[in-house]
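Peer 1: Below is my_file36.cif; it holds mmCIF, C-alpha atoms.
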data_model
#
loop_
_atom_site.label_atom_id
_atom_site.label_comp_id
_atom_site.auth_asym_id
_atom_site.auth_seq_id
_atom_site.Cartn_x
_atom_site.Cartn_y
_atom_site.Cartn_z
CA MET F 360 6.32 27.30 -32.86
CA HIS F 361 8.73 19.03 -32.40
CA LYS F 362 5.94 19.74 -30.08
CA LYS F 363 10.09 16.48 -32.23
CA MET F 364 12.83 16.72 -32.12
CA TYR F 365 10.62 19.16 -33.46
CA ILE F 366 7.03 19.69 -33.61
CA LEU F 367 5.69 20.83 -36.92
CA PRO F 368 4.06 24.25 -36.94
CA LEU F 369 0.84 23.66 -35.02
CA LYS F 370 -2.69 24.37 -36.11
CA PRO F 371 -5.45 24.70 -33.50
CA LEU F 372 -5.60 21.35 -31.75
CA LEU F 373 -8.78 19.31 -32.04
CA ALA F 374 -7.68 16.94 -29.28
CA LEU F 375 -5.14 17.51 -26.53
CA ILE F 376 -3.28 14.69 -24.87
CA ILE F 377 -3.71 16.48 -21.60
CA VAL F 378 -6.89 18.21 -20.54
CA ILE F 379 -6.68 21.03 -18.05
CA ALA F 380 -9.05 20.54 -15.16
CA LEU F 381 -10.97 23.56 -13.91
CA LEU F 382 -9.58 25.92 -16.54
CA GLY F 383 -11.51 28.93 -17.80
CA GLY F 384 -11.91 30.03 -21.39
CA CYS F 385 -12.33 33.66 -22.38
CA ALA F 386 -11.07 36.51 -20.21
CA LYS F 387 -12.94 36.79 -16.92
CA LYS F 388 -12.47 37.75 -13.32
CA GLN F 389 -13.54 35.47 -10.47
CA SER F 390 -13.51 35.74 -6.69
CA GLY F 391 -9.97 35.94 -5.37
CA GLU F 392 -8.79 37.82 -8.45
CA GLN F 393 -8.39 34.93 -10.89
CA ILE F 394 -8.39 35.77 -14.57
CA SER F 395 -8.03 33.55 -17.61
CA GLU F 396 -7.84 34.15 -21.34
CA THR F 397 -7.27 32.18 -24.53
CA ARG F 398 -5.57 33.56 -27.64
CA LEU F 399 -4.37 32.07 -30.91
CA LEU F 400 -0.56 32.16 -30.88
CA LEU F 401 2.22 29.76 -31.91
CA ASP F 402 -0.29 28.37 -34.43
CA THR F 403 -2.34 26.90 -31.59
CA PHE F 404 -4.68 27.90 -28.76
CA CYS F 405 -2.80 29.33 -25.77
CA THR F 406 -4.58 29.75 -22.44
CA ILE F 407 -3.12 31.54 -19.45
CA THR F 408 -4.78 31.52 -16.02
CA ILE F 409 -3.48 33.58 -13.09
CA HIS F 410 -4.60 34.57 -9.61
CA GLY F 411 -3.37 36.74 -6.77
CA ASP F 412 -2.53 40.44 -6.95
CA VAL F 413 -3.18 40.50 -10.69
CA ASP F 414 -5.12 42.36 -13.35
CA GLN F 415 -5.71 42.28 -17.10
CA ARG F 416 -2.50 44.18 -17.75
CA LEU F 417 -0.44 41.32 -16.37
CA LEU F 418 -2.31 38.86 -18.54
CA ASP F 419 -1.60 41.06 -21.56
CA GLU F 420 2.10 41.11 -20.63
CA ALA F 421 2.15 37.32 -20.58
CA PHE F 422 0.76 37.09 -24.09
CA GLU F 423 3.16 39.79 -25.27
CA ILE F 424 6.06 37.61 -24.06
CA CYS F 425 4.61 34.73 -26.05
CA GLU F 426 4.43 36.89 -29.18
CA GLU F 427 7.96 38.21 -28.65
CA TYR F 428 9.46 34.73 -28.51
CA GLU F 429 7.40 33.52 -31.43
CA LYS F 430 8.96 36.30 -33.52
CA LEU F 431 12.40 35.00 -32.52
CA LEU F 432 11.96 31.23 -32.74
CA SER F 433 9.36 30.54 -35.43
CA ILE F 434 10.47 28.67 -38.54
CA THR F 435 7.67 30.23 -40.60
CA ILE F 436 7.60 33.92 -39.60
CA GLU F 437 9.69 35.89 -42.07
CA GLY F 438 12.40 37.85 -40.29
CA SER F 439 12.52 35.67 -37.16
CA ASP F 440 15.96 34.63 -35.96
CA ILE F 441 15.33 31.06 -37.12
CA TRP F 442 14.01 32.22 -40.49
CA ARG F 443 17.10 34.39 -41.00
CA ILE F 444 19.46 31.53 -40.11
CA ASN F 445 17.64 29.17 -42.46
CA ASN F 446 17.73 31.65 -45.31
CA ALA F 447 21.31 32.87 -44.90
CA GLY F 448 22.80 30.48 -47.47
CA GLY F 449 25.23 29.07 -44.93
CA GLU F 450 26.52 32.46 -43.73
CA PRO F 451 26.81 33.32 -40.00
CA VAL F 452 23.80 35.23 -38.61
CA THR F 453 23.79 37.40 -35.49
CA VAL F 454 20.79 36.49 -33.34
CA ASP F 455 19.28 37.18 -29.93
CA PRO F 456 21.09 35.44 -27.03
CA ARG F 457 17.80 33.79 -26.09
CA THR F 458 17.64 32.16 -29.51
CA ILE F 459 21.13 30.75 -28.97
CA GLU F 460 20.04 29.41 -25.59
CA VAL F 461 17.26 27.37 -27.18
CA ILE F 462 19.46 26.19 -30.06
CA GLU F 463 22.14 25.04 -27.62
CA ALA F 464 19.53 23.13 -25.63
CA GLY F 465 18.35 21.47 -28.84
CA LEU F 466 21.90 20.43 -29.66
CA GLU F 467 22.26 18.87 -26.20
CA PHE F 468 19.12 16.82 -26.79
CA ALA F 469 20.55 15.71 -30.11
CA LYS F 470 23.67 14.47 -28.35
CA ILE F 471 21.89 12.50 -25.62
CA THR F 472 19.52 10.91 -28.16
CA ASP F 473 22.23 10.05 -30.71
CA GLY F 474 20.61 12.34 -33.24
CA MET F 475 17.06 11.02 -32.94
CA PHE F 476 16.12 14.51 -31.74
CA ASP F 477 17.71 16.77 -34.35
CA ILE F 478 16.86 20.47 -34.67
CA THR F 479 18.08 20.51 -38.30
CA ILE F 480 14.99 18.52 -39.28
CA GLY F 481 13.40 21.70 -40.66
CA ARG F 482 13.50 20.77 -44.35
CA LEU F 483 11.86 17.43 -43.60
CA SER F 484 9.23 18.80 -41.21
CA ARG F 485 8.22 21.49 -43.69
CA LEU F 486 8.12 18.91 -46.48
CA TRP F 487 5.54 16.80 -44.65
CA ASP F 488 3.82 19.96 -43.34
CA PHE F 489 1.25 18.44 -41.00
CA GLY F 490 0.19 21.97 -40.13
CA ALA F 491 -1.06 22.66 -43.65
CA THR F 492 -4.60 23.99 -44.01
CA GLU F 493 -5.09 21.92 -47.14
CA GLU F 494 -4.92 18.14 -47.44
CA VAL F 495 -1.60 16.77 -46.22
CA LYS F 496 0.18 14.67 -48.84
CA VAL F 497 2.81 11.97 -48.60
CA PRO F 498 6.05 13.35 -50.06
CA SER F 499 7.79 11.42 -52.80
CA GLU F 500 10.76 9.19 -52.03
CA PRO F 501 13.21 11.53 -53.83
CA GLU F 502 11.83 14.53 -51.91
CA ILE F 503 12.24 12.72 -48.59
CA LYS F 504 15.76 11.61 -49.48
CA THR F 505 16.79 15.15 -50.44
CA ALA F 506 15.35 16.70 -47.28
CA SER F 507 16.79 14.00 -45.02
CA ALA F 508 20.28 14.59 -46.43
CA THR F 509 20.29 18.06 -44.81
CA ILE F 510 19.70 16.72 -41.26
CA ASP F 511 22.89 16.82 -39.20
CA TYR F 512 23.01 18.71 -35.92
CA THR F 513 26.82 18.61 -35.89
CA LYS F 514 26.79 21.15 -38.72
CA VAL F 515 25.29 23.89 -36.55
CA LYS F 516 28.12 26.28 -35.63
CA ILE F 517 27.77 28.80 -32.80
CA GLU F 518 30.35 31.51 -32.18
CA GLY F 519 29.49 34.29 -29.76
CA GLU F 520 26.12 35.68 -30.87
CA THR F 521 26.24 34.17 -34.35
CA VAL F 522 24.75 30.93 -35.64
CA GLN F 523 25.82 29.30 -38.89
CA LEU F 524 24.47 26.31 -40.78
CA VAL F 525 27.52 24.75 -42.40
CA ASP F 526 25.16 23.02 -44.83
CA PRO F 527 23.47 25.95 -46.62
CA ASP F 528 20.50 23.73 -47.51
CA ALA F 529 19.73 22.80 -43.89
CA TRP F 530 16.93 24.34 -41.84
CA ILE F 531 16.56 24.56 -38.07
CA ASP F 532 13.18 23.78 -36.49
CA LEU F 533 12.90 24.42 -32.74
CA GLY F 534 9.28 23.29 -32.50
CA GLY F 535 10.21 20.38 -30.22
CA ILE F 536 11.39 22.58 -27.34
CA ALA F 537 10.35 26.17 -28.07
CA LYS F 538 6.92 26.12 -26.42
CA GLY F 539 8.34 24.68 -23.22
CA PHE F 540 10.98 27.40 -23.16
CA ILE F 541 8.39 30.13 -23.76
CA GLY F 542 6.13 28.74 -21.04
CA ASP F 543 8.99 28.84 -18.54
CA ARG F 544 9.70 32.49 -19.35
CA ILE F 545 6.04 33.43 -18.98
CA ALA F 546 5.77 31.67 -15.61
CA GLU F 547 8.87 33.46 -14.30
CA HIS F 548 7.51 36.84 -15.36
CA LEU F 549 4.09 36.26 -13.82
CA MET F 550 5.50 35.28 -10.43
CA LEU F 551 7.91 38.24 -10.40
CA ARG F 552 4.99 40.57 -11.14
CA GLY F 553 2.82 39.43 -8.25
CA ALA F 554 0.87 36.37 -9.35
CA ALA F 555 0.30 33.88 -6.55
CA GLY F 556 -0.26 31.06 -9.03
CA ALA F 557 -0.41 30.51 -12.75
CA LEU F 558 -1.21 27.84 -15.30
CA ILE F 559 0.16 28.33 -18.82
CA ASN F 560 -1.25 26.03 -21.50
CA LEU F 561 0.50 26.47 -24.84
CA GLY F 562 -1.35 24.09 -27.11
CA GLY F 563 -1.22 21.27 -24.57
CA ASP F 564 2.19 22.04 -23.09
CA ILE F 565 1.38 22.82 -19.45
CA ILE F 566 3.64 24.90 -17.21
CA THR F 567 2.50 25.84 -13.70
CA ALA F 568 3.67 28.27 -11.04
CA GLY F 569 2.47 28.17 -7.46
CA ASN F 570 -0.85 26.52 -6.59
CA ARG F 571 -4.51 26.96 -7.49
CA GLN F 572 -6.66 29.61 -5.79
CA ASP F 573 -7.70 27.14 -3.10
CA GLY F 574 -4.06 26.42 -2.24
CA LYS F 575 -4.15 22.93 -3.71
CA PRO F 576 -1.98 21.65 -6.58
CA TRP F 577 -3.08 22.10 -10.16
CA ARG F 578 -4.87 19.03 -11.55
CA ILE F 579 -3.98 18.01 -15.09
CA ALA F 580 -5.80 15.04 -16.60
CA LEU F 581 -3.97 12.47 -18.74
CA ARG F 582 -6.06 11.50 -21.74
CA ASP F 583 -6.43 7.92 -22.88
CA PRO F 584 -5.04 7.95 -26.44
CA PHE F 585 -7.14 4.91 -27.31
CA GLY F 586 -10.40 6.37 -26.00
CA GLU F 587 -12.69 9.31 -26.58
CA ALA F 588 -11.66 12.89 -25.90
CA GLU F 589 -13.10 12.79 -22.39
CA ASP F 590 -11.53 9.45 -21.39
CA ARG F 591 -8.74 9.79 -18.84
CA LEU F 592 -6.09 7.48 -17.45
CA GLY F 593 -5.42 9.54 -14.37
CA VAL F 594 -4.71 13.00 -13.02
CA PHE F 595 -1.39 14.72 -12.37
CA GLU F 596 -1.25 16.93 -9.29
CA ILE F 597 1.54 19.48 -9.62
CA SER F 598 2.73 22.82 -8.27
CA GLY F 599 5.44 24.81 -9.99
CA LEU F 600 6.18 22.02 -12.45
CA SER F 601 5.41 21.25 -16.08
CA VAL F 602 3.40 18.41 -17.59
CA ILE F 603 4.09 17.99 -21.29
CA SER F 604 2.96 15.26 -23.67
CA SER F 605 3.91 14.00 -27.09
CA GLY F 606 2.16 11.27 -29.05
CA THR F 607 1.75 9.59 -32.38
CA TYR F 608 -2.01 10.10 -32.42
CA GLU F 609 -2.13 13.89 -32.04
CA ARG F 610 -1.83 14.82 -35.70
CA LYS F 611 -2.11 12.18 -38.35
CA PHE F 612 -3.79 11.29 -41.61
CA GLU F 613 -4.52 8.15 -43.59
CA LYS F 614 -3.57 7.59 -47.21
CA ASP F 615 -4.12 4.37 -49.17
CA GLY F 616 -4.72 2.44 -45.98
CA VAL F 617 -1.54 3.70 -44.26
CA THR F 618 -1.63 6.03 -41.24
CA TYR F 619 1.02 8.75 -41.06
CA HIS F 620 1.66 10.70 -37.85
CA HIS F 621 3.65 13.90 -37.33
CA ILE F 622 6.63 12.64 -35.30
CA LEU F 623 9.32 12.07 -37.91
CA ASP F 624 12.36 9.83 -37.70
CA PRO F 625 15.33 11.92 -38.90
CA HIS F 626 17.13 8.74 -39.95
CA THR F 627 14.41 7.43 -42.27
CA GLY F 628 12.52 10.61 -43.18
CA TYR F 629 9.20 8.94 -42.34
CA PRO F 630 6.98 8.88 -39.23
CA VAL F 631 8.88 7.07 -36.50
CA VAL F 632 8.02 3.46 -35.64
CA SER F 633 7.78 3.31 -31.84
CA ASP F 634 6.17 1.23 -29.11
CA ILE F 635 5.09 4.48 -27.39
CA VAL F 636 1.73 5.97 -28.37
CA SER F 637 1.99 8.85 -25.91
CA ALA F 638 4.67 10.07 -23.52
CA THR F 639 3.92 12.57 -20.76
CA VAL F 640 6.79 14.02 -18.75
CA VAL F 641 6.70 15.83 -15.40
CA SER F 642 9.72 18.09 -14.91
CA GLY F 643 10.91 21.25 -13.25
CA ASN F 644 11.62 22.84 -16.63
CA GLY F 645 9.16 23.09 -19.51
CA MET F 646 11.80 23.02 -22.22
CA VAL F 647 13.34 19.87 -20.73
CA GLY F 648 9.93 18.26 -20.41
CA GLU F 649 8.97 19.01 -24.00
CA GLY F 650 12.24 17.68 -25.36
CA LEU F 651 12.07 14.52 -23.26
CA ALA F 652 8.47 13.77 -24.21
CA THR F 653 9.20 13.94 -27.93
CA ALA F 654 12.51 12.13 -27.60
CA ALA F 655 10.80 9.32 -25.69
CA VAL F 656 8.41 8.63 -28.57
CA LEU F 657 11.28 8.73 -31.03
CA MET F 658 13.49 6.39 -29.03
CA GLY F 659 10.97 3.87 -27.67
CA SER F 660 10.31 2.87 -24.07
CA ALA F 661 13.54 0.99 -23.32
CA ARG F 662 15.90 3.76 -24.44
CA ALA F 663 13.61 6.42 -23.01
CA ARG F 664 14.13 5.08 -19.49
CA GLU F 665 17.89 5.38 -19.90
CA MET F 666 17.52 8.94 -21.21
CA PHE F 667 15.28 9.98 -18.31
CA GLU F 668 17.77 8.72 -15.73
CA LYS F 669 20.60 10.90 -17.00
CA THR F 670 18.67 14.12 -17.69
CA PRO F 671 18.73 16.87 -15.01
CA GLY F 672 15.28 18.27 -14.31
CA PHE F 673 13.43 15.01 -14.99
CA ILE F 674 10.95 14.06 -12.27
CA GLY F 675 8.61 11.44 -13.70
CA ALA F 676 6.86 10.14 -16.80
CA ALA F 677 3.78 8.22 -17.89
CA LEU F 678 4.17 6.21 -21.09
CA VAL F 679 1.22 4.65 -22.91
CA LEU F 680 2.42 1.78 -25.10
CA GLU F 681 0.92 0.31 -28.25
CA ASN F 682 -0.32 -2.71 -26.29
CA GLY F 683 -2.30 -0.40 -23.98
CA GLU F 684 0.11 -0.71 -21.05
CA LEU F 685 0.62 2.36 -18.87
CA GLN F 686 4.18 2.63 -17.57
CA ARG F 687 5.03 5.02 -14.74
CA ILE F 688 8.63 6.08 -14.38
CA GLY F 689 10.07 8.06 -11.49
CA ASP F 690 7.70 10.33 -9.57
CA ALA F 691 4.96 10.59 -12.20
CA ARG F 692 2.53 12.19 -9.67
CA LEU F 693 -0.33 10.43 -11.42
CA SER F 694 -3.38 9.44 -9.40
CA SER F 695 -6.58 7.75 -10.47
#
Just give me the structure of the file as structure tokens.
Peer 2:
Amino acid sequence: MHKKMYILPLKPLLALIIVIALLGGCAKKQSGEQISETRLLLDTFCTITIHGDVDQRLLDEAFEICEEYEKLLSITIEGSDIWRINNAGGEPVTVDPRTIEVIEAGLEFAKITDGMFDITIGRLSRLWDFGATEEVKVPSEPEIKTASATIDYTKVKIEGETVQLVDPDAWIDLGGIAKGFIGDRIAEHLMLRGAAGALINLGGDIITAGNRQDGKPWRIALRDPFGEAEDRLGVFEISGLSVISSGTYERKFEKDGVTYHHILDPHTGYPVVSDIVSATVVSGNGMVGEGLATAAVLMGSARAREMFEKTPGFIGAALVLENGELQRIGDARLSS
């Protein structure tokens, strides 16, 4: 639906930063009542695995929740809350309280990152459009300047159940936190409806509830961004937590000898220059984890440490730097 502070609308991922260990593909039932299914939603592949007192109906409910939130938070779906705000010409728009919850969270991230994570990056993210099915092109300097001039999170006005963009040319893009938020809501629903454990993978954003069928923690592998798809730097072992990654190598293209990646600096209008190639965050909240992972890449390793320390819900992080160094911060829960 930044990834950020935004993730551009995602196409099916060819390479995930994190690889889910022991995860099934198409819908199937195994011993102990575990079922798993993959569907194309949020412009990416979404896989949900559950076990316990469960059946296909519960799995269907989980995907229905995903679709429901996509119709609220998508920047591209006509009629979504975000689409209506962006196309209101600066007028207040009444939206779902859940939409306001995510917008308010995005504004908090903007504050703690001094605007490096800015949800009003929508014009710029759509201009670059890394999710395009055709060849991605480098925008012109005037186009970038015009789009960048609309980025200013302080011009988002919330009153009651209405949201207003004071700058009528600005666009909100919640891609940097929306999938984490949706994953949290799915996990809550599954556990309330009888699942003993669940793993929700929304295009590489991993949210877990409970343990695996065998009672052990879920194992999520951290991919080596400098290696092949199967190369790993370690394995996270988590229960009831999220593991979410952001990186400059996920979606990129090369033009005239220059490589452009999808994480945009709202201050320059171009892909951010950072010493972090990938940031993976372990947290008790998927939305927090997604925001922190993207913000870390935007801010660089030194400022990221400061941000982690003052953010409720942060547990640990693994940062892979340009020089190949792997930094572990807090309780990263990463084993070899």
Peer 1: I would like the residues chosen by the PyMOL selection byres ((chain F and resi 619) around 12) on the shown file; could you give them as an MDAnalysis selection string?
Peer 2: chainID F and resid 487:489 495:498 607:618 620:624 628:632
Peer 1: Put those residues in a file: C-alpha atoms, as a JSON list (two decimals), in the coordinates of the input.
Peer 2:
[["chain", "number", "residue", "atom", "x", "y", "z"],
["F", 487, "TRP", "CA", 5.54, 16.80, -44.65],
["F", 488, "ASP", "CA", 3.82, 19.96, -43.34],
["F", 489, "PHE", "CA", 1.25, 18.44, -41.00],
["F", 495, "VAL", "CA", -1.60, 16.77, -46.22],
["F", 496, "LYS", "CA", 0.18, 14.67, -48.84],
["F", 497, "VAL", "CA", 2.81, 11.97, -48.60],
["F", 498, "PRO", "CA", 6.05, 13.35, -50.06],
["F", 607, "THR", "CA", 1.75, 9.59, -32.38],
["F", 608, "TYR", "CA", -2.01, 10.10, -32.42],
["F", 609, "GLU", "CA", -2.13, 13.89, -32.04],
["F", 610, "ARG", "CA", -1.83, 14.82, -35.70],
["F", 611, "LYS", "CA", -2.11, 12.18, -38.35],
["F", 612, "PHE", "CA", -3.79, 11.29, -41.61],
["F", 613, "GLU", "CA", -4.52, 8.15, -43.59],
["F", 614, "LYS", "CA", -3.57, 7.59, -47.21],
["F", 615, "ASP", "CA", -4.12, 4.37, -49.17],
["F", 616, "GLY", "CA", -4.72, 2.44, -45.98],
["F", 617, "VAL", "CA", -1.54, 3.70, -44.26],
["F", 618, "THR", "CA", -1.63, 6.03, -41.24],
["F", 620, "HIS", "CA", 1.66, 10.70, -37.85],
["F", 621, "HIS", "CA", 3.65, 13.90, -37.33],
["F", 622, "ILE", "CA", 6.63, 12.64, -35.30],
["F", 623, "LEU", "CA", 9.32, 12.07, -37.91],
["F", 624, "ASP", "CA", 12.36, 9.83, -37.70],
["F", 628, "GLY", "CA", 12.52, 10.61, -43.18],
["F", 629, "TYR", "CA", 9.20, 8.94, -42.34],
["F", 630, "PRO", "CA", 6.98, 8.88, -39.23],
["F", 631, "VAL", "CA", 8.88, 7.07, -36.50],
["F", 632, "VAL", "CA", 8.02, 3.46, -35.64]]
Peer 1: As number ranges by chain, please: the residues near segment 652-658 of chain F (cut-off 9 Å, all atoms listed in the file, same-chain neighbours under 6 positions excluded).
Peer 2: F: 361-366, 468, 472, 475-476, 535-536, 603-607, 622-624, 631-640, 664, 666-667, 676, 678
Peer 1: Given only C-alpha atoms, how would the per-residue table for segment 456-569 of chain F near segment 397-412 of chain F read, listing every residue at most 6 Å away with its closest atom pair and distance in Å to one decimal, sorted by chain and number, as CSV?
Peer 2:
residue,atom,partner,partner_atom,distance
F:Gly553,CA,F:Asp412,CA,5.6
F:Ala554,CA,F:Gly411,CA,5.0
F:Ala555,CA,F:Gly411,CA,4.7
F:Gly556,CA,F:His410,CA,5.6
F:Ala557,CA,F:Ile409,CA,4.4
F:Leu558,CA,F:Thr408,CA,5.2
F:Ile559,CA,F:Ile407,CA,4.6
F:Asn560,CA,F:Thr406,CA,5.1
F:Leu561,CA,F:Cys405,CA,4.5
F:Gly562,CA,F:Phe404,CA,5.3
Peer 1: Limited to C-alpha atoms, could you put the picked residues into a file as an mmCIF file, keeping the file's coordinate frame?
Peer 2:
data_model
loop_
_atom_site.group_PDB
_atom_site.id
_atom_site.type_symbol
_atom_site.label_atom_id
_atom_site.label_comp_id
_atom_site.auth_asym_id
_atom_site.auth_seq_id
_atom_site.Cartn_x
_atom_site.Cartn_y
_atom_site.Cartn_z
ATOM 1 C CA GLY F 553 2.820 39.430 -8.250
ATOM 2 C CA ALA F 554 0.870 36.370 -9.350
ATOM 3 C CA ALA F 555 0.300 33.880 -6.550
ATOM 4 C CA GLY F 556 -0.260 31.060 -9.030
ATOM 5 C CA ALA F 557 -0.410 30.510 -12.750
ATOM 6 C CA LEU F 558 -1.210 27.840 -15.300
ATOM 7 C CA ILE F 559 0.160 28.330 -18.820
ATOM 8 C CA ASN F 560 -1.250 26.030 -21.500
ATOM 9 C CA LEU F 561 0.500 26.470 -24.840
ATOM 10 C CA GLY F 562 -1.350 24.090 -27.110
#
Peer 1: Quick one, how far is atom CA of Leu533 of chain F from atom CA of Gly650 of chain F?
Peer 2: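 If I compute the distance from atom CA of Leu533 of chain F to atom CA of Gly650 of chain F, I get 10.0 Å.
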Peer 1: Would you compute the box with edges along x, y and z of the file around segment 523-535 of chain F, including every atom the file lists for it and 8 Å extra on each side, and give its centre and edge lengths in Å to one decimal, as lines of an AutoDock Vina configuration file?
Peer 2:
center_x = 18.4
center_y = 24.8
center_z = -38.9
size_x = 34.2
size_y = 24.9
size_z = 33.3
Peer 1: Please list as a list in words every residue within 12 Å of Gln415 of chain F, counting all atoms listed in the file and excluding residues in the same chain fewer than 6 positions away.
Peer 2: Ala386, Lys387, Lys388, Glu392, Gln393, Ile394, Ser395, Glu396, Ile407, Thr408, Ile409, Ala421, Phe422, Leu549 and Ala554 of chain F
Peer 1: Find the residues near Arg578 of chain F: any atom within 7 Å, counting only C-alpha atoms, skip ones fewer than 2 places away on the same chain, and give them as a list in words.
Peer 2: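 Near Arg578 of chain F, the qualifying residues are Ala380, Pro576, Ala580, Val594, Phe595, Glu596 and Ile597 of chain F.
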Peer 1: Store the residues picked out above in a file with C-alpha atoms, as a PDB file, in the coordinates of the input.
Peer 2:
ATOM      1  CA  ALA F 380      -9.050  20.540 -15.160  1.00  0.00           C
ATOM      2  CA  PRO F 576      -1.980  21.650  -6.580  1.00  0.00           C
ATOM      3  CA  ALA F 580      -5.800  15.040 -16.600  1.00  0.00           C
ATOM      4  CA  VAL F 594      -4.710  13.000 -13.020  1.00  0.00           C
ATOM      5  CA  PHE F 595      -1.390  14.720 -12.370  1.00  0.00           C
ATOM      6  CA  GLU F 596      -1.250  16.930  -9.290  1.00  0.00           C
ATOM      7  CA  ILE F 597       1.540  19.480  -9.620  1.00  0.00           C
TER       8      ILE F 597
END
Peer 1: Do you know which residues are at most 8 Å from Pro527 of chain F counting only C-alpha atoms, after dropping those on the same chain fewer than 6 positions away, and could you put them as a list in words?
Peer 2: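 Once the adjacent positions are removed, what remains is Asn445, Ala447, Gly448, Gly449 and Glu450 of chain F.
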Peer 1: Which residue gives the smallest distance to Val454 of chain F among F:Thr513, F:Ser598, F:Thr521, F:Asn682, with all atoms listed in the file counted?
Peer 2: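 Smallest separation from Val454 of chain F among the options: F:Thr521.
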Peer 1: Give me, please, the distance in Å between atom CA of Glu668 of chain F and atom CA of Leu432 of chain F, quoted to one decimal.
Peer 2: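 Between these atoms lies a distance of 28.8 Å.
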Peer 1: For atom CA of Ile424 of chain F and atom CA of Pro671 of chain F, determine how far apart the two atoms are, in Å to one decimal place.
Peer 2: 25.9 Å
Peer 1: Enumerate, as a ChimeraX atom specification, the residues matched when the PyMOL selection byres ((chain F and resi 444) around 9) is run on the file above.
Peer 2: /F:439-443,445-454,522-524,530-531
Peer 1: Would you fill out segment 538-553 of chain F with N, CA and C atoms and return it as a PDB file, in the frame of the given file?
Peer 2:
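Generated file (out_1.pdb):
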ATOM      1  N   LYS F 538       8.083  25.774 -27.237  1.00  0.00           N
ATOM      2  CA  LYS F 538       6.920  26.120 -26.420  1.00  0.00           C
ATOM      3  C   LYS F 538       7.211  25.929 -24.939  1.00  0.00           C
ATOM      4  N   GLY F 539       7.957  24.883 -24.607  1.00  0.00           N
ATOM      5  CA  GLY F 539       8.340  24.680 -23.220  1.00  0.00           C
ATOM      6  C   GLY F 539       9.189  25.826 -22.695  1.00  0.00           C
ATOM      7  N   PHE F 540      10.130  26.279 -23.526  1.00  0.00           N
ATOM      8  CA  PHE F 540      10.980  27.400 -23.160  1.00  0.00           C
ATOM      9  C   PHE F 540      10.155  28.667 -22.952  1.00  0.00           C
ATOM     10  N   ILE F 541       9.234  28.939 -23.868  1.00  0.00           N
ATOM     11  CA  ILE F 541       8.390  30.130 -23.760  1.00  0.00           C
ATOM     12  C   ILE F 541       7.519  30.059 -22.508  1.00  0.00           C
ATOM     13  N   GLY F 542       6.960  28.886 -22.232  1.00  0.00           N
ATOM     14  CA  GLY F 542       6.130  28.740 -21.040  1.00  0.00           C
ATOM     15  C   GLY F 542       6.904  29.020 -19.764  1.00  0.00           C
ATOM     16  N   ASP F 543       8.148  28.568 -19.709  1.00  0.00           N
ATOM     17  CA  ASP F 543       8.990  28.840 -18.540  1.00  0.00           C
ATOM     18  C   ASP F 543       9.197  30.327 -18.343  1.00  0.00           C
ATOM     19  N   ARG F 544       9.457  31.052 -19.448  1.00  0.00           N
ATOM     20  CA  ARG F 544       9.700  32.490 -19.350  1.00  0.00           C
ATOM     21  C   ARG F 544       8.436  33.233 -18.900  1.00  0.00           C
ATOM     22  N   ILE F 545       7.291  32.799 -19.385  1.00  0.00           N
ATOM     23  CA  ILE F 545       6.040  33.430 -18.980  1.00  0.00           C
ATOM     24  C   ILE F 545       5.792  33.212 -17.494  1.00  0.00           C
ATOM     25  N   ALA F 546       5.995  31.987 -17.029  1.00  0.00           N
ATOM     26  CA  ALA F 546       5.770  31.670 -15.610  1.00  0.00           C
ATOM     27  C   ALA F 546       6.672  32.511 -14.717  1.00  0.00           C
ATOM     28  N   GLU F 547       7.934  32.650 -15.093  1.00  0.00           N
ATOM     29  CA  GLU F 547       8.870  33.460 -14.300  1.00  0.00           C
ATOM     30  C   GLU F 547       8.386  34.905 -14.212  1.00  0.00           C
ATOM     31  N   HIS F 548       7.952  35.455 -15.334  1.00  0.00           N
ATOM     32  CA  HIS F 548       7.510  36.840 -15.360  1.00  0.00           C
ATOM     33  C   HIS F 548       6.270  37.038 -14.486  1.00  0.00           C
ATOM     34  N   LEU F 549       5.329  36.123 -14.586  1.00  0.00           N
ATOM     35  CA  LEU F 549       4.090  36.260 -13.820  1.00  0.00           C
ATOM     36  C   LEU F 549       4.345  36.252 -12.315  1.00  0.00           C
ATOM     37  N   MET F 550       5.224  35.369 -11.861  1.00  0.00           N
ATOM     38  CA  MET F 550       5.500  35.280 -10.430  1.00  0.00           C
ATOM     39  C   MET F 550       6.269  36.514  -9.942  1.00  0.00           C
ATOM     40  N   LEU F 551       7.167  37.037 -10.778  1.00  0.00           N
ATOM     41  CA  LEU F 551       7.910  38.240 -10.400  1.00  0.00           C
ATOM     42  C   LEU F 551       6.994  39.461 -10.326  1.00  0.00           C
ATOM     43  N   ARG F 552       5.901  39.415 -11.084  1.00  0.00           N
ATOM     44  CA  ARG F 552       4.990  40.570 -11.140  1.00  0.00           C
ATOM     45  C   ARG F 552       3.785  40.434 -10.219  1.00  0.00           C
ATOM     46  N   GLY F 553       3.829  39.467  -9.289  1.00  0.00           N
ATOM     47  CA  GLY F 553       2.820  39.430  -8.250  1.00  0.00           C
ATOM     48  C   GLY F 553       1.783  38.333  -8.309  1.00  0.00           C
TER      49      GLY F 553
END
